[in-house]
Amino acid sequence: MGSGEPVKSPIEKLNPLTKMLAIFCLGLATLIYPNSWLGLGIVIVLFGVAGIAHILTSFAKTIFGFGIPISLMLFFIQGLYSPKNKTIIADLGFAKLGEEGLLYAAKIVITLLVFLATFYIMNQTTYAGKMVAALTRSGINPQVGYLILASLNVVPQMHRRLDIIKEAQEARGVETTGGLWARLKAYVPLMGPVVMSSLTDAQERGMTLETRGFANTNVKRTSYIEVTTSKADTYLRAGLIIFLVAVIIISIWMRWAQ
Amino acid sequence: MRIDLQDLHFGYHPEHEILHGVDLTLAGTDPIAIIGQNGAGKTTLVKQFNGILTPTSGHVLIDGQDVTTQTTAKWAAKVGYVFQNPNDQLFLDSVRKEFEFGPKRIGMAPAEIKHRIDQVADLVELTDELDTHPFDLDDTQKKFCTIGAIIMMNPDVVVFDEPTCGQDVHGDHLLNRLIRHLTAAGKLCVTISHDMTFVAQNFKRVIVMSQGAVRLDGTPEAVFSQTAALKTCFITPPPLTQLAQAVGFTATPFTTDAFVRAFEAERK
């Protein structure tokens, strides 16, 4: 989850729940809408949003890095071999390129991209603690909230740990670079300490939480992290819901009109 | 054995430099201590000695050979590095296997490994624990298990990152004996430590680091007598030394005997 980059953009200031609502509304709207044009429009708008959030470069890398290979794969499979293919655009000899399959592939790709893009923006602009605080405030059990936070935190922590252990084993003569076989062999001395130390860490963390009254059920919890719902949040949420409802109505109308 | 650092700069991120041009030569066999506040760059510095980290600019030469010319795993035969946390280094199911692991990696002959195990186990007092699982050892023994596993490879330089941390008096004595043994065998010990009494009593050369640069470098007497400079590096001399300084002795004693001698001298 976002490292909470120091750059304070308007996107970062939004309530995490607003961003989650955006993932839901935009993703669902793309899914429901009968063709891929709406999704394409949303992705283009999201590029603008990423620009405002100062994450345009990494955002573009992720979207293209995922979008291009998956598009090629799906266009190839669906375009050439989809059973829906009726209108043939081109004959490649070994297979025929069909319009229906291509459109279907485009729809899948664009839907995936909208989900990926919205999720990526939320991920990069939201401090994990703030998200969990927002969730807790909206009624989620704090223990569940902690579970989410802990799982999000454990990944970078294990990563750092793995780096140190890798260094420690290199210092004992283990080659961690080189051919595939050398790398595989190197993984055995790495995994032992990683797993063992994660287990001891988990136990220690549990005990630390107990000493801080984490399981105390008699009091109402407060959060150190302040989560605010600004006017922008309210308007944006209303806008997103109106957008989703409008898309649903238009989609039904478009299908009915066909 | 000789390690030369030439205008060494290093940073984990390009815009945030940790080491700002370190020039240093470590040679001979006199044990060297590196001290300094947390975050002064001590660990970052010693990790350059076997290529775990490589300089962003400048050079590290080991016996004249640039450290970047081969992998850390290759350097392991020459430069041993004992990590701070034993749990990062130990992973096998017996002390014996831990001891055999490194030497096998660097291609030591089985007969020599066998011979060395007895020797090293005796040195780190784990002879009776060779078939014990490392996680069943107590903290001090575990630390010595990691130390033993590195010494097994018979490197010319042994780097210890905080070997004194969390150890009892017996552990300190053992470490003292170990360092003297290695020195007598012609090895160079480089130790990072926060335990000033241990540093003053066991090392011939003390290097003080602060904010990514070497601030003081000399004998313990020369370093610990510079009270003003030490203060800016957030280092306090051993308690006995502070007392001697407070009452205005000219000498800088580290042991009770030295203190008494200094006292006698001042009284005349």
# chains A, B, ... in the order shown; residues from 1 in each chain; ligands from 1
>>> residues_around(residues="B:Gly11", least_positions_apart="3", cutoff="12 Å", atoms="only C-alpha atoms", output="PyMOL selection string")
chain B and resi 8+14-21+41+44-45+48+53-57+212
>>> interface_residues(of="chain B", to="chain A", cutoff="6 Å", atoms="only C-alpha atoms", output="PyMOL selection string")
chain B and resi 72-73+76+81+88-89+91+102+105-106
>>> select_by_dssp(residues="stretch 24-250 of chain A", states="strand (DSSP E or B)", output="ChimeraX atom specification")
/A:88-91,96-98
>>> residues_around(residues="stretch 143-147 of chain B", least_positions_apart="2", cutoff="8 Å", atoms="only C-alpha atoms", output="list in words")
Val82, Phe83, Asn85, Pro86, Gln89, Leu90, Val95, Glu98, Phe99, Val124, Leu126, Pro134, Asp139, Thr140, Gln141, Ala149, Ile150, Ile151 and Pro163 of chain B
>>> write_last_selection(atoms="N, CA and C atoms", output="PDB file, in the first residue's frame")
ATOM      1  N   VAL B  82      30.189 -10.988  10.128  1.00  0.00           N
ATOM      2  CA  VAL B  82      29.224 -11.530  11.085  1.00  0.00           C
ATOM      3  C   VAL B  82      28.090 -10.516  11.235  1.00  0.00           C
ATOM      4  N   PHE B  83      26.888 -10.909  10.829  1.00  0.00           N
ATOM      5  CA  PHE B  83      25.759  -9.981  10.895  1.00  0.00           C
ATOM      6  C   PHE B  83      25.296  -9.763  12.325  1.00  0.00           C
ATOM      7  N   ASN B  85      22.205  -9.642  13.612  1.00  0.00           N
ATOM      8  CA  ASN B  85      21.141 -10.498  14.110  1.00  0.00           C
ATOM      9  C   ASN B  85      21.379 -11.953  13.684  1.00  0.00           C
ATOM     10  N   PRO B  86      21.697 -12.859  14.630  1.00  0.00           N
ATOM     11  CA  PRO B  86      21.971 -14.255  14.267  1.00  0.00           C
ATOM     12  C   PRO B  86      20.832 -14.891  13.479  1.00  0.00           C
ATOM     13  N   GLN B  89      21.160 -15.120   9.806  1.00  0.00           N
ATOM     14  CA  GLN B  89      22.247 -15.884   9.213  1.00  0.00           C
ATOM     15  C   GLN B  89      22.089 -17.398   9.383  1.00  0.00           C
ATOM     16  N   LEU B  90      21.467 -17.810  10.487  1.00  0.00           N
ATOM     17  CA  LEU B  90      21.379 -19.243  10.778  1.00  0.00           C
ATOM     18  C   LEU B  90      20.118 -19.840  10.179  1.00  0.00           C
ATOM     19  N   VAL B  95      24.377 -26.948  14.832  1.00  0.00           N
ATOM     20  CA  VAL B  95      25.535 -26.054  14.864  1.00  0.00           C
ATOM     21  C   VAL B  95      26.598 -26.582  13.904  1.00  0.00           C
ATOM     22  N   GLU B  98      25.855 -25.647  10.411  1.00  0.00           N
ATOM     23  CA  GLU B  98      26.121 -24.221  10.215  1.00  0.00           C
ATOM     24  C   GLU B  98      27.615 -23.991  10.003  1.00  0.00           C
ATOM     25  N   PHE B  99      28.418 -24.687  10.787  1.00  0.00           N
ATOM     26  CA  PHE B  99      29.872 -24.520  10.693  1.00  0.00           C
ATOM     27  C   PHE B  99      30.402 -25.028   9.350  1.00  0.00           C
ATOM     28  N   VAL B 124      34.751 -20.906  20.367  1.00  0.00           N
ATOM     29  CA  VAL B 124      33.503 -20.207  20.675  1.00  0.00           C
ATOM     30  C   VAL B 124      32.692 -20.955  21.741  1.00  0.00           C
ATOM     31  N   LEU B 126      31.409 -24.034  21.906  1.00  0.00           N
ATOM     32  CA  LEU B 126      30.197 -24.745  21.486  1.00  0.00           C
ATOM     33  C   LEU B 126      30.490 -26.225  21.222  1.00  0.00           C
ATOM     34  N   PRO B 134      20.402 -24.698  16.265  1.00  0.00           N
ATOM     35  CA  PRO B 134      20.786 -23.321  16.648  1.00  0.00           C
ATOM     36  C   PRO B 134      19.679 -22.555  17.375  1.00  0.00           C
ATOM     37  N   ASP B 139      20.862 -16.844  23.673  1.00  0.00           N
ATOM     38  CA  ASP B 139      21.212 -15.726  22.791  1.00  0.00           C
ATOM     39  C   ASP B 139      22.720 -15.575  22.578  1.00  0.00           C
ATOM     40  N   THR B 140      23.482 -15.721  23.677  1.00  0.00           N
ATOM     41  CA  THR B 140      24.926 -15.569  23.561  1.00  0.00           C
ATOM     42  C   THR B 140      25.510 -16.683  22.702  1.00  0.00           C
ATOM     43  N   GLN B 141      25.057 -17.913  22.963  1.00  0.00           N
ATOM     44  CA  GLN B 141      25.567 -19.047  22.192  1.00  0.00           C
ATOM     45  C   GLN B 141      25.216 -18.905  20.709  1.00  0.00           C
ATOM     46  N   ALA B 149      30.553 -19.791  12.547  1.00  0.00           N
ATOM     47  CA  ALA B 149      30.257 -20.154  11.166  1.00  0.00           C
ATOM     48  C   ALA B 149      31.082 -19.318  10.191  1.00  0.00           C
ATOM     49  N   ILE B 150      31.382 -18.084  10.568  1.00  0.00           N
ATOM     50  CA  ILE B 150      32.192 -17.219   9.699  1.00  0.00           C
ATOM     51  C   ILE B 150      33.683 -17.543   9.857  1.00  0.00           C
ATOM     52  N   ILE B 151      34.127 -17.727  11.092  1.00  0.00           N
ATOM     53  CA  ILE B 151      35.547 -18.026  11.321  1.00  0.00           C
ATOM     54  C   ILE B 151      35.941 -19.353  10.673  1.00  0.00           C
ATOM     55  N   PRO B 163      29.012  -7.154  17.990  1.00  0.00           N
ATOM     56  CA  PRO B 163      29.047  -8.478  18.629  1.00  0.00           C
ATOM     57  C   PRO B 163      28.710  -8.414  20.103  1.00  0.00           C
TER      58      PRO B 163
END
>>> residues_around(residues="A:Lys96", least_positions_apart="6", cutoff="12 Å", atoms="only C-alpha atoms", output="count of residues only")
15
>>> closest_residue(among="A:Lys84, A:Lys8, A:Arg212, A:Arg237", to="A:His54", atoms="only C-alpha atoms")
A:Lys8
>>> residues_around(residues="B:Glu162", least_positions_apart="5", cutoff="6 Å", atoms="only C-alpha atoms", output="PyMOL selection string")
chain B and resi 84+192-193
>>> write_last_selection(atoms="all heavy atoms", output="PDB file, in the first residue's frame")
ATOM      1  N   GLN B  84      24.621  -8.638  12.496  1.00  0.00           N
ATOM      2  CA  GLN B  84      24.179  -8.232  13.827  1.00  0.00           C
ATOM      3  C   GLN B  84      23.191  -9.234  14.425  1.00  0.00           C
ATOM      4  O   GLN B  84      23.295  -9.608  15.574  1.00  0.00           O
ATOM      5  CB  GLN B  84      23.532  -6.860  13.709  1.00  0.00           C
ATOM      6  CG  GLN B  84      23.363  -6.163  15.020  1.00  0.00           C
ATOM      7  CD  GLN B  84      22.916  -4.729  14.816  1.00  0.00           C
ATOM      8  OE1 GLN B  84      22.781  -4.254  13.694  1.00  0.00           O
ATOM      9  NE2 GLN B  84      22.685  -4.036  15.893  1.00  0.00           N
ATOM     10  N   ILE B 192      32.269  -3.225  14.944  1.00  0.00           N
ATOM     11  CA  ILE B 192      31.393  -2.093  15.257  1.00  0.00           C
ATOM     12  C   ILE B 192      30.882  -2.326  16.671  1.00  0.00           C
ATOM     13  O   ILE B 192      30.456  -3.442  16.991  1.00  0.00           O
ATOM     14  CB  ILE B 192      30.198  -2.049  14.300  1.00  0.00           C
ATOM     15  CG1 ILE B 192      30.658  -1.697  12.892  1.00  0.00           C
ATOM     16  CG2 ILE B 192      29.153  -1.049  14.785  1.00  0.00           C
ATOM     17  CD1 ILE B 192      29.542  -1.702  11.884  1.00  0.00           C
ATOM     18  N   SER B 193      30.938  -1.322  17.516  1.00  0.00           N
ATOM     19  CA  SER B 193      30.438  -1.536  18.871  1.00  0.00           C
ATOM     20  C   SER B 193      29.941  -0.248  19.501  1.00  0.00           C
ATOM     21  O   SER B 193      30.373   0.852  19.159  1.00  0.00           O
ATOM     22  CB  SER B 193      31.540  -2.144  19.732  1.00  0.00           C
ATOM     23  OG  SER B 193      31.023  -2.430  21.006  1.00  0.00           O
TER      24      SER B 193
END
>>> residues_around(residues="B:Arg96", least_positions_apart="4", cutoff="7 Å", atoms="only C-alpha atoms", output="ChimeraX atom specification")
/B:100,130-131
>>> write_last_selection(atoms="C-alpha atoms", output="PDB file, in the first residue's frame")
ATOM      1  CA  GLU B 100      30.275 -26.684   7.603  1.00  0.00           C
ATOM      2  CA  LEU B 130      27.622 -29.174  17.912  1.00  0.00           C
ATOM      3  CA  ASP B 131      24.532 -31.314  17.370  1.00  0.00           C
TER       4      ASP B 131
END
>>> residues_around(residues="B:His115", least_positions_apart="5", cutoff="12 Å", atoms="only C-alpha atoms", output="count of residues only")
10
>>> atom_distance(atom1="atom CA of B:Leu175", atom2="atom CA of B:Asn38")
22.2 Å
>>> atom_distance(atom1="atom CA of A:Thr62", atom2="atom CA of A:Leu31")
20.8 Å
>>> closest_residue(among="B:Phe203, B:Phe101, B:Phe10, B:Phe249", to="B:Ile32", atoms="only C-alpha atoms")
B:Phe203
>>> select_by_dssp(residues="stretch 98-221 of chain B", states="alpha helix (DSSP H)", output="JSON, numbers by chain")
{"B": [98, 99, 100, 101, 102, 103, 104, 105, 110, 111, 112, 113, 114, 115, 116, 117, 118, 119, 120, 121, 122, 123, 139, 140, 141, 142, 143, 144, 145, 146, 147, 148, 149, 150, 151, 169, 170, 171, 172, 173, 174, 175, 176, 177, 178, 179, 180, 181, 182, 183, 184, 196, 197, 198, 199, 200, 201, 202, 220, 221]}
>>> atom_distance(atom1="atom CA of B:Phe234", atom2="atom CA of B:Gln37")
6.2 Å
